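Before any comments, here is the structure.
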Amino acid sequence: MALSGCSGVHGASAGKTSDGILRIPREDTATFTANFNPFSPTALPMTTQAVFEPLLIVNPMTGKAVPWLGKSWTVDPDGKGVTFTLRSDVKWSDGQPMTAADVVSTFTLAQKIQGGYSYLSKVSAVNPTTVRFDFNKAYSPGLYEIGAQVIVPEHVWSKVSDPAKFTNANPVGTGPYTKVSHFQTQSYELDKNPNYWQPQKQQINGIEMLAFAGNSGANLAFENGDVDWSDQFIPSIQKSYVDKDPAHRKFWYPTTGGTIQWQLNTTKAPFNDVNVRKALSMAVDRSQVATLGESSYTHPADCTGLTDGYASWKDASIVNSCDWTKLNVAEANKMLDAAGYPRGANGIRTLKSGKPFAFSISVGSASSDWISVAQVIAKNMQAIGVQMTVSSPDWSQVVDGYSKGTFDTGIVWTNDATTPYEFYRGEMSQNSVVPVGTSANENYHRFGDAQATSLLNQMAATSDPAKQKTIVDQLQARFNTTAPAIPLFPSPVWGAYSDQNFTGWPTATDPYATLSARSSTTTLVLTSLKPVK
């Protein structure tokens, strides 16, 4: 198979005789379009990891926040605000100093372009290195949400007439690698920021991103040693990758990412019926899903919906009582019969409208593992007289269907943050539900529950860990009762690398970051790697 996506940018031995350039494939992007706008949903990979930086970086492996552009911060005792002290030695890549004014203007832009931050009443520059965030209510998750926002330069963006459409092809950022040294539709390179505030941590010479139209081409490039770091699904990675050079090739797949779910569009019947949702869930063989779809890299989810990253938050009594997330075809059939969806002579169930009980499951064409998951589920549905077809167009089309609420069902990721607050907000909060046709960035299934919303409001209003734990226990119980979505498995945080050219990678014994090349902790990796001399 040819290395589709490489476009002759580098030779087959590029990853074996290093020039100090870190090479990374993207399996979900057939071609690149120059867009380094961090507010854009189609921003290029590395825009918010190498070019722009946040105030702080939360490491999900440790649960700790790493100070970044923000040197320190103080949260108000009543939870109604936070004050950040900025580093005084940070410059933009064009040499101008970064100040509190940049932070203030960034949040004005973020609210205007992306929405959100509804709890912010005011953002103000106290002085050049101090920024004050005032909330209109007590909101404990605010620190981490504000801290995760990457900062852009006011002196550049104040001159942009339409920031939402600005492609920012030659970005000015504070990140370690901001200089676009070459750009082609199937590859681009970011070289060192000449004014980086941590020059001692710019050990690699640059980053080259390579575009691929699916896992297979990206995996082949990785297996052949043409790239250094990969964070996409690779079946049988031990055999296909590690065993070819066990001295240098490693992988680390902790199951601490978001929960991967089968989301049902609850604005459509019969998915608005909790008994139907639970019955469909009980027909899913999660062991097959994990084994056949995910190459046994993960395990079945439980009825709390929580991923392994939230293990300390789980209520054991609920986990031990789970029924609707366990395979029980006989019970699933009984529930559908009782709910009024009879099975005809042909074995196919009928909706109350008289039409066949048939629908689609959407998943992006680039994700071979999730397509396999969807195929397993489609086959499972046959045992309960339900017809399901797998629809796998380009991811952009799939996500548009999720966002607009036009889809039937789909394989969907969940919010992943420091506490389970964001997860349950995206699952059950009435405040996260938007009408069909209006773009959603969470809660694609459009499920809102008054009791869960009240609990979420209570959790946001307290920073007391004991009170938050009690509230999360109640949220787990509510998730178990309402089954807003069907949890399948905790997502592995994909990450594999060769240390032939670079050392300093995060590992299970040194989890200073995840091995994802598309998360906030990617910045920590980029500033930790060193070329092999």
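Identifiers in the structure tokens: chain A, B, ... in order shown; residue index from 1 per chain; ligand index from 1 in order shown.
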
Neighbours of range 105-111 of chain A within 9 Å (only C-alpha atoms; same-chain residues fewer than 6 positions away dropped), as a list in words?
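Neighbouring residues, sequence-local ones excluded: Phe39, Tyr117, Ser118, Val123, Ile146, Gln149, Val150, Ile151, Val152, Pro153, Glu154, Trp157, Ser158, Pro163 and Ala164 of chain A.
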
Neighbouring residues of Ile21 in chain A were defined as those with any atom within 12 Å, considering only C-alpha atoms; residues of the same chain fewer than 5 positions away were excluded. Please report them as a PyMOL selection string.
chain A and resi 10+14-16+177+181+188-192+202-209+226-229+501-502+526+529-532

Convert the current residue selection to file output with N, CA, C and O atoms, as a compact mmCIF listing (two decimals), in the first residue's frame.
# COMPACT_ATOMS: atom_id res chain seq x y z
N HIS A 10 8.69 13.58 2.42
CA HIS A 10 9.93 13.09 2.99
C HIS A 10 10.12 11.66 2.56
O HIS A 10 9.20 10.98 2.14
N ALA A 14 12.74 8.81 6.68
CA ALA A 14 12.78 10.08 7.41
C ALA A 14 12.75 9.90 8.91
O ALA A 14 13.43 10.60 9.64
N GLY A 15 11.93 8.96 9.38
CA GLY A 15 11.82 8.76 10.81
C GLY A 15 13.01 8.02 11.40
O GLY A 15 13.15 7.93 12.59
N LYS A 16 13.89 7.46 10.55
CA LYS A 16 15.00 6.64 11.03
C LYS A 16 16.31 7.41 11.10
O LYS A 16 17.22 7.05 11.81
N TYR A 177 6.24 26.31 18.97
CA TYR A 177 6.45 26.11 17.53
C TYR A 177 5.36 26.85 16.77
O TYR A 177 4.22 26.37 16.66
N SER A 181 6.91 26.97 8.28
CA SER A 181 8.05 27.00 7.36
C SER A 181 7.70 26.45 5.99
O SER A 181 8.31 26.83 4.99
N TYR A 188 2.45 19.98 6.60
CA TYR A 188 2.95 21.31 6.93
C TYR A 188 3.91 21.19 8.11
O TYR A 188 3.89 20.20 8.85
N GLU A 189 4.77 22.18 8.23
CA GLU A 189 5.79 22.15 9.27
C GLU A 189 5.75 23.42 10.10
O GLU A 189 5.62 24.52 9.56
N LEU A 190 5.85 23.25 11.40
CA LEU A 190 5.95 24.35 12.34
C LEU A 190 7.34 24.34 12.95
O LEU A 190 7.76 23.32 13.53
N ASP A 191 8.06 25.44 12.80
CA ASP A 191 9.39 25.55 13.37
C ASP A 191 9.37 26.42 14.62
O ASP A 191 8.35 26.98 15.01
N LYS A 192 10.53 26.56 15.24
CA LYS A 192 10.63 27.20 16.55
C LYS A 192 10.13 28.65 16.57
O LYS A 192 10.39 29.43 15.64
N GLN A 202 12.80 24.05 24.00
CA GLN A 202 12.63 23.89 22.54
C GLN A 202 13.75 23.01 22.01
O GLN A 202 14.58 23.44 21.22
N GLN A 203 13.76 21.78 22.41
CA GLN A 203 14.86 20.89 22.04
C GLN A 203 14.68 20.30 20.64
O GLN A 203 15.66 20.04 19.94
N ILE A 204 13.45 20.05 20.23
CA ILE A 204 13.23 19.54 18.88
C ILE A 204 13.26 20.73 17.91
O ILE A 204 13.00 21.86 18.29
N ASN A 205 13.60 20.45 16.65
CA ASN A 205 13.75 21.54 15.67
C ASN A 205 12.41 22.02 15.12
O ASN A 205 12.30 23.16 14.68
N GLY A 206 11.41 21.14 15.12
CA GLY A 206 10.11 21.51 14.58
C GLY A 206 9.18 20.33 14.55
O GLY A 206 9.53 19.22 14.98
N ILE A 207 7.97 20.57 14.05
CA ILE A 207 6.92 19.54 13.98
C ILE A 207 6.40 19.48 12.56
O ILE A 207 6.07 20.51 11.96
N GLU A 208 6.33 18.27 12.01
CA GLU A 208 5.71 18.10 10.70
C GLU A 208 4.46 17.25 10.85
O GLU A 208 4.51 16.13 11.38
N MET A 209 3.33 17.79 10.42
CA MET A 209 2.06 17.07 10.44
C MET A 209 1.78 16.51 9.06
O MET A 209 1.97 17.21 8.05
N ASP A 226 8.14 5.80 9.45
CA ASP A 226 8.21 7.10 8.75
C ASP A 226 7.75 8.26 9.61
O ASP A 226 7.94 9.42 9.23
N VAL A 227 7.12 7.98 10.75
CA VAL A 227 6.69 9.02 11.68
C VAL A 227 7.09 8.59 13.09
O VAL A 227 7.37 7.41 13.34
N ASP A 228 7.13 9.54 14.00
CA ASP A 228 7.66 9.29 15.34
C ASP A 228 6.60 9.05 16.40
O ASP A 228 6.86 8.36 17.39
N TRP A 229 5.43 9.64 16.22
CA TRP A 229 4.44 9.67 17.30
C TRP A 229 3.06 9.50 16.67
O TRP A 229 2.72 10.16 15.68
N ASN A 501 14.53 8.54 17.67
CA ASN A 501 14.93 9.91 17.33
C ASN A 501 14.74 10.88 18.49
O ASN A 501 15.43 11.90 18.54
N PHE A 502 13.78 10.60 19.38
CA PHE A 502 13.47 11.52 20.48
C PHE A 502 13.24 10.75 21.77
O PHE A 502 12.65 9.67 21.77
N LEU A 526 5.64 18.34 23.92
CA LEU A 526 6.47 19.08 22.97
C LEU A 526 7.61 19.82 23.67
O LEU A 526 8.67 20.03 23.07
N LEU A 529 10.39 16.70 25.03
CA LEU A 529 11.15 15.82 24.14
C LEU A 529 12.52 16.38 23.82
O LEU A 529 12.71 17.59 23.69
N LYS A 530 13.47 15.46 23.66
CA LYS A 530 14.83 15.83 23.28
C LYS A 530 15.31 14.91 22.16
O LYS A 530 15.07 13.69 22.21
N PRO A 531 15.98 15.47 21.15
CA PRO A 531 16.50 14.62 20.07
C PRO A 531 17.60 13.70 20.58
O PRO A 531 18.36 14.05 21.49
N VAL A 532 17.68 12.52 19.99
CA VAL A 532 18.78 11.61 20.29
C VAL A 532 20.03 12.13 19.57
O VAL A 532 20.00 12.41 18.38

For range 77-85 of chain A, list every protein, DNA or RNA residue within 10 Å, evaluated using only C-alpha atoms, and leave out those in the same chain fewer than 6 positions away; present the list as a VMD selection string.
chain A and resid 55 to 56 69 to 71 100 119 to 143 146 to 147 460 to 463

Got a sec: who's within 9 Å of range 374-387 of chain A, counting only C-alpha atoms, leaving out chain neighbours fewer than 5 positions off, as number ranges by chain?
A: 262, 279-280, 283-286, 288-289, 292-293, 329-330, 332-333, 336, 343-344, 346-350, 356-363, 369, 410-411

From range 242-489 of chain A, collect each residue whose DSSP state is helix (DSSP H, G or I) and return the set as a ChimeraX atom specification.
/A:242-244,274-282,286-293,308-313,316-320,329-338,368-384,395-404,421-428,430-432,450-460,465-482

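In terms of minimum interatomic distance to Val373 in chain A, A:Phe489 ranks closest within A:Phe36, A:Phe489, A:Trp313, A:Trp92, counting only C-alpha atoms.
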
Interatomic distance between CA of Pro235 in chain A and CA of Ser295 in chain A?
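Those two atoms sit 6.0 Å apart.
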
Could you jot down the CA of Ser528 in chain A to CA of Glu223 in chain A separation for me, Å, one decimal place?
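Taking CA of Ser528 in chain A and CA of Glu223 in chain A, their separation equals 23.8 Å.
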
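For the pair CA of Ile260 in chain A and CA of Trp413 in chain A, the interatomic distance is 4.8 Å.
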
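The residue that comes closest to Pro484 in chain A, out of A:Lys326, A:Thr307, A:Gln468, A:Gln261 and on the basis of only C-alpha atoms, is A:Gln261.
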
Find the spatial neighbours of Ala417 in chain A, counting only C-alpha atoms, within a cut-off of 10 Å - ignore same-chain residues fewer than 2 positions away - and output them as a PDB file with N, CA, C and O atoms, in the first residue's frame.
ATOM      1  N   VAL A  58      -4.226  21.091  32.727  1.00  0.00           N
ATOM      2  CA  VAL A  58      -4.585  20.040  33.675  1.00  0.00           C
ATOM      3  C   VAL A  58      -4.103  18.697  33.129  1.00  0.00           C
ATOM      4  O   VAL A  58      -4.409  18.334  31.993  1.00  0.00           O
ATOM      5  N   ASN A  59      -3.345  17.984  33.920  1.00  0.00           N
ATOM      6  CA  ASN A  59      -2.891  16.653  33.552  1.00  0.00           C
ATOM      7  C   ASN A  59      -3.891  15.632  34.078  1.00  0.00           C
ATOM      8  O   ASN A  59      -3.977  15.415  35.283  1.00  0.00           O
ATOM      9  N   PRO A  60      -4.674  14.993  33.187  1.00  0.00           N
ATOM     10  CA  PRO A  60      -5.708  14.058  33.659  1.00  0.00           C
ATOM     11  C   PRO A  60      -5.132  12.815  34.316  1.00  0.00           C
ATOM     12  O   PRO A  60      -5.840  12.115  35.032  1.00  0.00           O
ATOM     13  N   GLY A  63      -4.468  14.577  37.768  1.00  0.00           N
ATOM     14  CA  GLY A  63      -5.508  15.456  38.274  1.00  0.00           C
ATOM     15  C   GLY A  63      -4.997  16.804  38.721  1.00  0.00           C
ATOM     16  O   GLY A  63      -5.749  17.602  39.285  1.00  0.00           O
ATOM     17  N   PRO A 141     -16.244  24.935  38.584  1.00  0.00           N
ATOM     18  CA  PRO A 141     -15.483  24.495  37.402  1.00  0.00           C
ATOM     19  C   PRO A 141     -14.855  25.650  36.628  1.00  0.00           C
ATOM     20  O   PRO A 141     -14.068  25.418  35.707  1.00  0.00           O
ATOM     21  N   TYR A 144     -10.913  25.859  35.861  1.00  0.00           N
ATOM     22  CA  TYR A 144     -10.330  24.982  34.857  1.00  0.00           C
ATOM     23  C   TYR A 144     -10.809  25.329  33.448  1.00  0.00           C
ATOM     24  O   TYR A 144     -10.051  25.195  32.484  1.00  0.00           O
ATOM     25  N   GLU A 145     -12.056  25.765  33.340  1.00  0.00           N
ATOM     26  CA  GLU A 145     -12.545  26.163  32.020  1.00  0.00           C
ATOM     27  C   GLU A 145     -11.843  27.423  31.535  1.00  0.00           C
ATOM     28  O   GLU A 145     -11.435  27.511  30.369  1.00  0.00           O
ATOM     29  N   GLY A 257      -9.672   8.200  29.011  1.00  0.00           N
ATOM     30  CA  GLY A 257     -10.274   9.220  28.154  1.00  0.00           C
ATOM     31  C   GLY A 257     -11.764   9.313  28.425  1.00  0.00           C
ATOM     32  O   GLY A 257     -12.287   8.737  29.385  1.00  0.00           O
ATOM     33  N   GLY A 258     -12.473  10.031  27.587  1.00  0.00           N
ATOM     34  CA  GLY A 258     -13.916  10.137  27.743  1.00  0.00           C
ATOM     35  C   GLY A 258     -14.599   8.798  27.502  1.00  0.00           C
ATOM     36  O   GLY A 258     -14.019   7.876  26.919  1.00  0.00           O
ATOM     37  N   GLY A 309     -11.052   7.315  34.326  1.00  0.00           N
ATOM     38  CA  GLY A 309     -10.415   8.504  34.878  1.00  0.00           C
ATOM     39  C   GLY A 309     -11.138   9.042  36.099  1.00  0.00           C
ATOM     40  O   GLY A 309     -10.570   9.832  36.859  1.00  0.00           O
ATOM     41  N   TYR A 310     -12.379   8.606  36.300  1.00  0.00           N
ATOM     42  CA  TYR A 310     -13.178   9.044  37.448  1.00  0.00           C
ATOM     43  C   TYR A 310     -13.414   7.891  38.426  1.00  0.00           C
ATOM     44  O   TYR A 310     -14.421   7.874  39.136  1.00  0.00           O
ATOM     45  N   THR A 414     -17.489  11.806  24.936  1.00  0.00           N
ATOM     46  CA  THR A 414     -18.113  12.623  25.983  1.00  0.00           C
ATOM     47  C   THR A 414     -17.122  13.651  26.515  1.00  0.00           C
ATOM     48  O   THR A 414     -15.918  13.572  26.264  1.00  0.00           O
ATOM     49  N   ASN A 415     -17.652  14.606  27.265  1.00  0.00           N
ATOM     50  CA  ASN A 415     -16.793  15.600  27.914  1.00  0.00           C
ATOM     51  C   ASN A 415     -15.838  14.901  28.885  1.00  0.00           C
ATOM     52  O   ASN A 415     -16.216  13.950  29.573  1.00  0.00           O
ATOM     53  N   THR A 419     -13.295  16.997  36.968  1.00  0.00           N
ATOM     54  CA  THR A 419     -14.329  16.328  37.767  1.00  0.00           C
ATOM     55  C   THR A 419     -15.430  15.828  36.833  1.00  0.00           C
ATOM     56  O   THR A 419     -15.483  16.215  35.662  1.00  0.00           O
ATOM     57  N   PRO A 420     -16.337  14.978  37.329  1.00  0.00           N
ATOM     58  CA  PRO A 420     -17.429  14.491  36.485  1.00  0.00           C
ATOM     59  C   PRO A 420     -18.476  15.552  36.146  1.00  0.00           C
ATOM     60  O   PRO A 420     -19.435  15.255  35.424  1.00  0.00           O
ATOM     61  N   TYR A 421     -18.325  16.763  36.637  1.00  0.00           N
ATOM     62  CA  TYR A 421     -19.321  17.807  36.388  1.00  0.00           C
ATOM     63  C   TYR A 421     -19.588  17.980  34.897  1.00  0.00           C
ATOM     64  O   TYR A 421     -20.742  17.957  34.448  1.00  0.00           O
ATOM     65  N   GLU A 422     -18.521  18.161  34.112  1.00  0.00           N
ATOM     66  CA  GLU A 422     -18.695  18.416  32.686  1.00  0.00           C
ATOM     67  C   GLU A 422     -19.300  17.209  31.971  1.00  0.00           C
ATOM     68  O   GLU A 422     -20.080  17.356  31.026  1.00  0.00           O
ATOM     69  N   PHE A 423     -18.939  15.998  32.414  1.00  0.00           N
ATOM     70  CA  PHE A 423     -19.523  14.807  31.813  1.00  0.00           C
ATOM     71  C   PHE A 423     -21.035  14.794  31.985  1.00  0.00           C
ATOM     72  O   PHE A 423     -21.790  14.668  31.014  1.00  0.00           O
TER      73      PHE A 423
END
